[in-house]
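Encoded as structure tokens, the structure appears first; notes follow it.
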Amino acid sequence: MVTNIQDLKKYMGRLSVEVTRRCNMNCTFCFKGQAQNLSITKEIIDKTLDEVTDVLIGNLRITGGEPLLECDLASYLLDKAVEKNIVFTSVCIFTNGTITPNAKLIKSIQNTLVYMRQYRNDSLIQSRKDNTKYTYEQSVPTGFNIIFSETERNTPKETIAASMNCFLNQIDDEYFKCIKQGEQFATFGLLDIEGNAKKNYKELLNNKNTTARIINNNYYFYYEPTPDNETPIKGGDFAEYIEKKPFIEKTLTVSANGNVFPGISLSYNRVDSNPMFNIMDCKHDFFEKVKEWCWKHPINDKEHRIKELFLTAKFLEIKGIAAKPSTCQSPNESVFDRKNLRTLDKWINEIEKITKDFHKALPTLTFSEVELVAIAGFLLRLYERGVHKDDINYFLTICTDLDNVAKEDFTPAYCQSIILAYTKINEERSSRLKGQNNEETTNAI
């Protein structure tokens, strides 16, 4: 039993486990692509859970393929999560609604609901529900949720109703819900050009009101407190908890073969050709592997959305399609201008290289700190090129979280001072770390 949730060392918003790649449907718009005769092993499930025993998980997702084709494996995942005291505030199983669950899965869901009650009223969990900066609680209800995806599948309503009723007639709990995707569970209303959808784009993108996205999840979504921020957490405030713990903001999926990838919407082919890493290669260093991968792609969320827009706009232009490029959360409308997109994409590529260089030179800095230094270094280049201040402010507005007052502070002199200040901070931290290592070596001797 979990005694104190605040003692958990790390946080991740969403962990998705792909229990199978089997599916009883072949949807033209499926971003996964053609179904495969592959299901997760118990060994991969065990290894995944062993890697997150000290992690508070916002939402545990069970996905496929069609996960109800592997009810026993979904049941095993839930039972083992309870047995290992994995803490999660909500669970979602995503299904196409054509299959009914077996008795084993129903029992596991019931047991999981009982298990989750022990920490439901914890002050930290309650605070998390009210904090939308790092979560999307409005679209994922707390508790256990079966998400029925019926969009454009033309599945008979009676079939979906039968599956829903099979759950609802056997599970009587106020925190258990059957939800239709697109109604109570938020969707983004766009087509991911991935998997089957990439093959069938002409059919699916048949009018100018359709929105489309080329997925580019290569960006930095791992955050950690600065080495100097070692004060203890007071009370159960979630925002403060996040500031003091390493956390992964983006959904990470462990696929049926153990490959780990960012998000949930990549095709099987892309996942297997370029995974972040394989969970079976972890040695209680899951977070470290995620952090290492993120440093290979050190751009922020806003910049990554611009790159998605640029890739999508380029694809649509080449294919002669009138659909509108989009992302999950579209930025300022002005970026849809092709010229602006091209310039921003070029600048983001440049700042990514600058960020990598500063990380190599100043290794003790966190991503947020290196990002600030890289912005300063990049702006100095723009000033040297004679780029107009309005264009610089436009970049800062679209690609950073700086407010209007902070943007005005970024003069050439201020940019130089930022680089010098953080260079000094890195030197002080490096010296302190060296001293600690020497002390540990002496004590070991």
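Labels used: A, B, ... for chains in the order of the structure tokens, numbers from 1 for residues in each chain, and numbers from 1 for ligands as shown.
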
Might you pull out every residue within 12 Å of A:Glu428, with only C-alpha atoms counted and same-chain residues fewer than 3 positions away left off, and present them as a tab-separated table (two decimals) with N, CA and C atoms, in the first residue's frame?
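Wrote out30.tsv, looks like this:
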chain	number	residue	atom	x	y	z
A	227	PRO	N	19.37	21.98	-9.83
A	227	PRO	CA	20.14	21.38	-8.73
A	227	PRO	C	20.13	22.22	-7.46
A	228	ASP	N	19.83	23.52	-7.59
A	228	ASP	CA	19.83	24.41	-6.43
A	228	ASP	C	18.48	24.41	-5.70
A	362	LEU	N	27.51	23.73	-21.31
A	362	LEU	CA	27.02	24.02	-19.95
A	362	LEU	C	26.18	22.84	-19.45
A	363	PRO	N	26.78	21.70	-19.18
A	363	PRO	CA	26.04	20.46	-18.95
A	363	PRO	C	25.25	20.40	-17.65
A	364	THR	N	25.51	21.28	-16.69
A	364	THR	CA	24.76	21.21	-15.43
A	364	THR	C	23.42	21.95	-15.50
A	365	LEU	N	23.18	22.69	-16.58
A	365	LEU	CA	21.94	23.45	-16.69
A	365	LEU	C	20.78	22.55	-17.10
A	421	ALA	N	25.80	35.04	-17.11
A	421	ALA	CA	25.26	34.63	-15.80
A	421	ALA	C	25.14	33.11	-15.70
A	422	TYR	N	24.62	32.49	-16.75
A	422	TYR	CA	24.43	31.04	-16.68
A	422	TYR	C	25.74	30.28	-16.88
A	423	THR	N	26.70	30.91	-17.54
A	423	THR	CA	28.03	30.31	-17.62
A	423	THR	C	28.64	30.24	-16.23
A	424	LYS	N	28.44	31.28	-15.45
A	424	LYS	CA	28.94	31.30	-14.07
A	424	LYS	C	28.21	30.28	-13.21
A	425	ILE	N	26.89	30.18	-13.39
A	425	ILE	CA	26.11	29.19	-12.63
A	425	ILE	C	26.60	27.79	-12.93
A	431	SER	N	31.80	22.86	-9.99
A	431	SER	CA	32.74	22.84	-8.89
A	431	SER	C	32.15	22.13	-7.68
A	432	ARG	N	30.87	22.42	-7.40
A	432	ARG	CA	30.20	21.78	-6.26
A	432	ARG	C	30.06	20.28	-6.47
A	433	LEU	N	29.68	19.89	-7.68
A	433	LEU	CA	29.52	18.47	-8.00
A	433	LEU	C	30.86	17.73	-7.91
A	434	LYS	N	31.93	18.39	-8.36
A	434	LYS	CA	33.26	17.79	-8.29
A	434	LYS	C	33.66	17.56	-6.85
A	435	GLY	N	33.34	18.54	-5.98
A	435	GLY	CA	33.63	18.41	-4.56
A	435	GLY	C	32.86	17.27	-3.92

_Residues within 12 Å of A:Asn404, only C-alpha atoms, excluding chain neighbours under 6 positions, as a PyMOL selection string_ = chain A and resi 393-394+396-398+410

*Distance in Å - atom CA of A:Gln34 versus atom CA of A:Asn196*: 6.9 Å

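Note that the spacing between atom CA of A:Met12 and atom CA of A:Lys107 amounts to 26.8 Å.
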
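Proximity of A:Ala74, A:Ala374, A:Ala212, A:Leu68 to A:Lys360, computed with only C-alpha atoms, is greatest for A:Ala374.
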
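Counting only C-alpha atoms and comparing A:Val260, A:Ile93, A:Cys23, A:Ile392, the residue that lies closest to A:Gln181 is A:Ile93.
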
*Tell me which protein, DNA and RNA residues are within 9 Å of A:Asn96, counting only C-alpha atoms, leaving out same-chain ones fewer than 2 positions away, and put them as a PyMOL selection string.*
chain A and resi 25+66+68+94+98-99+147-150+153+155+160

*Distance in Å - atom CA of A:Glu158 versus atom CA of A:Arg21*: 25.4 Å

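With only C-alpha atoms as the atoms that count, the residue of A:Arg117, A:Lys353, A:Lys245, A:Arg381 with the shortest distance to A:Pro298 is A:Lys353.
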
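The neighbours of A:Phe31 here are the residues that come within 9 Å of it, using only C-alpha atoms and leaving out any residue fewer than 2 positions away in the same chain; they are Thr28, Phe29, Gly33, Leu191, Asp192, Ile193, Glu194, Gly195, Asn196, Ala197, Lys198, Ser265, Leu266, Ser267 and Tyr268 of chain A.
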
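In terms of minimum interatomic distance to A:Phe144, A:Thr112 ranks closest within A:Ser163, A:Thr20, A:Gln170, A:Thr112, counting only C-alpha atoms.
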
_Of the listed residues A:His297, A:Leu316, A:Phe287, A:Ala256, that which approaches A:Leu205 most closely, counting only C-alpha atoms_ = A:Leu316

*Mind checking which residues fall within 9 Å of A:Met116, counting only C-alpha atoms, ignoring those fewer than 5 positions away in the same chain, and posting them as a list in words?*
Val82, Val87, Phe88, Thr89, Ser90, Asn111 and Gly143 of chain A

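The shortest atom-to-atom distance to A:Tyr11, with only C-alpha atoms taken into account, belongs to A:Thr251 out of A:Gln110, A:Thr251, A:Asn218, A:Gln436.
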
*If you run DSSP over the backbone, which residues in stretch 244-370 of chain A end up strand (DSSP E or B)? Put them as a PyMOL selection string.*
chain A and resi 247-248+252-254+259-262+277-278+324-325

Residues of the last selection are to be written out with all heavy atoms, as an mmCIF file, in the first residue's frame.
data_model
loop_
_atom_site.group_PDB
_atom_site.id
_atom_site.type_symbol
_atom_site.label_atom_id
_atom_site.label_comp_id
_atom_site.auth_asym_id
_atom_site.auth_seq_id
_atom_site.Cartn_x
_atom_site.Cartn_y
_atom_site.Cartn_z
ATOM 1 N N PHE A 247 9.688 15.323 -14.161
ATOM 2 C CA PHE A 247 8.419 14.856 -14.714
ATOM 3 C C PHE A 247 8.438 14.837 -16.233
ATOM 4 O O PHE A 247 9.147 15.606 -16.885
ATOM 5 C CB PHE A 247 7.232 15.668 -14.170
ATOM 6 C CG PHE A 247 7.006 16.994 -14.813
ATOM 7 C CD1 PHE A 247 6.092 17.147 -15.841
ATOM 8 C CD2 PHE A 247 7.666 18.123 -14.361
ATOM 9 C CE1 PHE A 247 5.857 18.385 -16.420
ATOM 10 C CE2 PHE A 247 7.437 19.368 -14.925
ATOM 11 C CZ PHE A 247 6.525 19.491 -15.964
ATOM 12 N N ILE A 248 7.653 13.908 -16.771
ATOM 13 C CA ILE A 248 7.499 13.749 -18.212
ATOM 14 C C ILE A 248 6.108 14.249 -18.567
ATOM 15 O O ILE A 248 5.101 13.706 -18.105
ATOM 16 C CB ILE A 248 7.659 12.275 -18.625
ATOM 17 C CG1 ILE A 248 9.074 11.799 -18.287
ATOM 18 C CG2 ILE A 248 7.381 12.103 -20.115
ATOM 19 C CD1 ILE A 248 9.259 10.305 -18.409
ATOM 20 N N LEU A 252 3.753 8.848 -23.103
ATOM 21 C CA LEU A 252 4.722 7.894 -23.628
ATOM 22 C C LEU A 252 4.042 6.541 -23.732
ATOM 23 O O LEU A 252 3.313 6.137 -22.837
ATOM 24 C CB LEU A 252 5.950 7.793 -22.721
ATOM 25 C CG LEU A 252 6.872 9.015 -22.665
ATOM 26 C CD1 LEU A 252 8.108 8.710 -21.840
ATOM 27 C CD2 LEU A 252 7.277 9.475 -24.058
ATOM 28 N N THR A 253 4.289 5.849 -24.838
ATOM 29 C CA THR A 253 3.671 4.550 -25.075
ATOM 30 C C THR A 253 4.723 3.454 -25.106
ATOM 31 O O THR A 253 5.757 3.600 -25.767
ATOM 32 C CB THR A 253 2.897 4.552 -26.415
ATOM 33 O OG1 THR A 253 1.863 5.536 -26.365
ATOM 34 C CG2 THR A 253 2.262 3.185 -26.668
ATOM 35 N N VAL A 254 4.426 2.386 -24.386
ATOM 36 C CA VAL A 254 5.225 1.164 -24.497
ATOM 37 C C VAL A 254 4.470 0.248 -25.443
ATOM 38 O O VAL A 254 3.352 -0.179 -25.154
ATOM 39 C CB VAL A 254 5.412 0.475 -23.128
ATOM 40 C CG1 VAL A 254 6.216 -0.813 -23.288
ATOM 41 C CG2 VAL A 254 6.105 1.418 -22.146
ATOM 42 N N ASN A 259 9.029 -1.407 -27.667
ATOM 43 C CA ASN A 259 9.549 -0.129 -28.140
ATOM 44 C C ASN A 259 8.785 1.019 -27.493
ATOM 45 O O ASN A 259 7.555 1.008 -27.443
ATOM 46 C CB ASN A 259 9.442 -0.027 -29.659
ATOM 47 C CG ASN A 259 10.501 -0.842 -30.367
ATOM 48 O OD1 ASN A 259 11.556 -1.119 -29.800
ATOM 49 N ND2 ASN A 259 10.238 -1.244 -31.599
ATOM 50 N N VAL A 260 9.521 2.002 -27.017
ATOM 51 C CA VAL A 260 8.915 3.179 -26.375
ATOM 52 C C VAL A 260 8.908 4.326 -27.368
ATOM 53 O O VAL A 260 9.907 4.572 -28.060
ATOM 54 C CB VAL A 260 9.699 3.573 -25.111
ATOM 55 C CG1 VAL A 260 9.089 4.812 -24.460
ATOM 56 C CG2 VAL A 260 9.727 2.404 -24.118
ATOM 57 N N PHE A 261 7.781 5.047 -27.448
ATOM 58 C CA PHE A 261 7.710 6.178 -28.368
ATOM 59 C C PHE A 261 6.848 7.285 -27.782
ATOM 60 O O PHE A 261 5.994 7.039 -26.925
ATOM 61 C CB PHE A 261 7.184 5.746 -29.741
ATOM 62 C CG PHE A 261 5.754 5.263 -29.768
ATOM 63 C CD1 PHE A 261 4.714 6.122 -30.089
ATOM 64 C CD2 PHE A 261 5.447 3.937 -29.481
ATOM 65 C CE1 PHE A 261 3.402 5.683 -30.126
ATOM 66 C CE2 PHE A 261 4.140 3.477 -29.521
ATOM 67 C CZ PHE A 261 3.112 4.352 -29.848
ATOM 68 N N PRO A 262 7.070 8.531 -28.225
ATOM 69 C CA PRO A 262 6.308 9.662 -27.703
ATOM 70 C C PRO A 262 4.927 9.755 -28.347
ATOM 71 O O PRO A 262 4.771 9.595 -29.553
ATOM 72 C CB PRO A 262 7.167 10.874 -28.064
ATOM 73 C CG PRO A 262 7.918 10.441 -29.279
ATOM 74 C CD PRO A 262 8.143 8.959 -29.132
ATOM 75 N N PHE A 277 13.664 4.013 -27.378
ATOM 76 C CA PHE A 277 14.461 2.912 -26.852
ATOM 77 C C PHE A 277 13.496 1.763 -26.594
ATOM 78 O O PHE A 277 12.283 1.906 -26.804
ATOM 79 C CB PHE A 277 15.200 3.301 -25.556
ATOM 80 C CG PHE A 277 14.311 3.882 -24.491
ATOM 81 C CD1 PHE A 277 13.657 3.076 -23.562
ATOM 82 C CD2 PHE A 277 14.118 5.258 -24.407
ATOM 83 C CE1 PHE A 277 12.836 3.613 -22.579
ATOM 84 C CE2 PHE A 277 13.290 5.815 -23.429
ATOM 85 C CZ PHE A 277 12.650 4.989 -22.519
ATOM 86 N N ASN A 278 14.010 0.616 -26.169
ATOM 87 C CA ASN A 278 13.146 -0.508 -25.837
ATOM 88 C C ASN A 278 13.107 -0.682 -24.326
ATOM 89 O O ASN A 278 14.146 -0.614 -23.664
ATOM 90 C CB ASN A 278 13.630 -1.793 -26.501
ATOM 91 C CG ASN A 278 12.593 -2.911 -26.407
ATOM 92 O OD1 ASN A 278 12.428 -3.551 -25.363
ATOM 93 N ND2 ASN A 278 11.881 -3.159 -27.514
ATOM 94 N N LYS A 324 -6.625 22.240 -44.462
ATOM 95 C CA LYS A 324 -5.876 23.192 -43.649
ATOM 96 C C LYS A 324 -4.909 22.466 -42.719
ATOM 97 O O LYS A 324 -5.283 21.511 -42.046
ATOM 98 C CB LYS A 324 -6.854 24.025 -42.815
ATOM 99 C CG LYS A 324 -6.210 25.125 -41.983
ATOM 100 C CD LYS A 324 -7.284 25.907 -41.251
ATOM 101 C CE LYS A 324 -6.658 27.020 -40.400
ATOM 102 N NZ LYS A 324 -7.698 27.783 -39.669
ATOM 103 N N PRO A 325 -3.642 22.897 -42.676
ATOM 104 C CA PRO A 325 -2.711 22.281 -41.730
ATOM 105 C C PRO A 325 -3.078 22.657 -40.310
ATOM 106 O O PRO A 325 -3.559 23.768 -40.050
ATOM 107 C CB PRO A 325 -1.360 22.879 -42.124
ATOM 108 C CG PRO A 325 -1.696 24.191 -42.759
ATOM 109 C CD PRO A 325 -3.014 23.967 -43.461
#

_Please extract the residues of stretch 248-430 of chain A with a backbone DSSP assignment of helix (DSSP H, G or I) and present them as number ranges by chain._
A: 268-273, 279-281, 286-294, 301-319, 333-336, 338-361, 367-384, 389-399, 404-409, 412-430
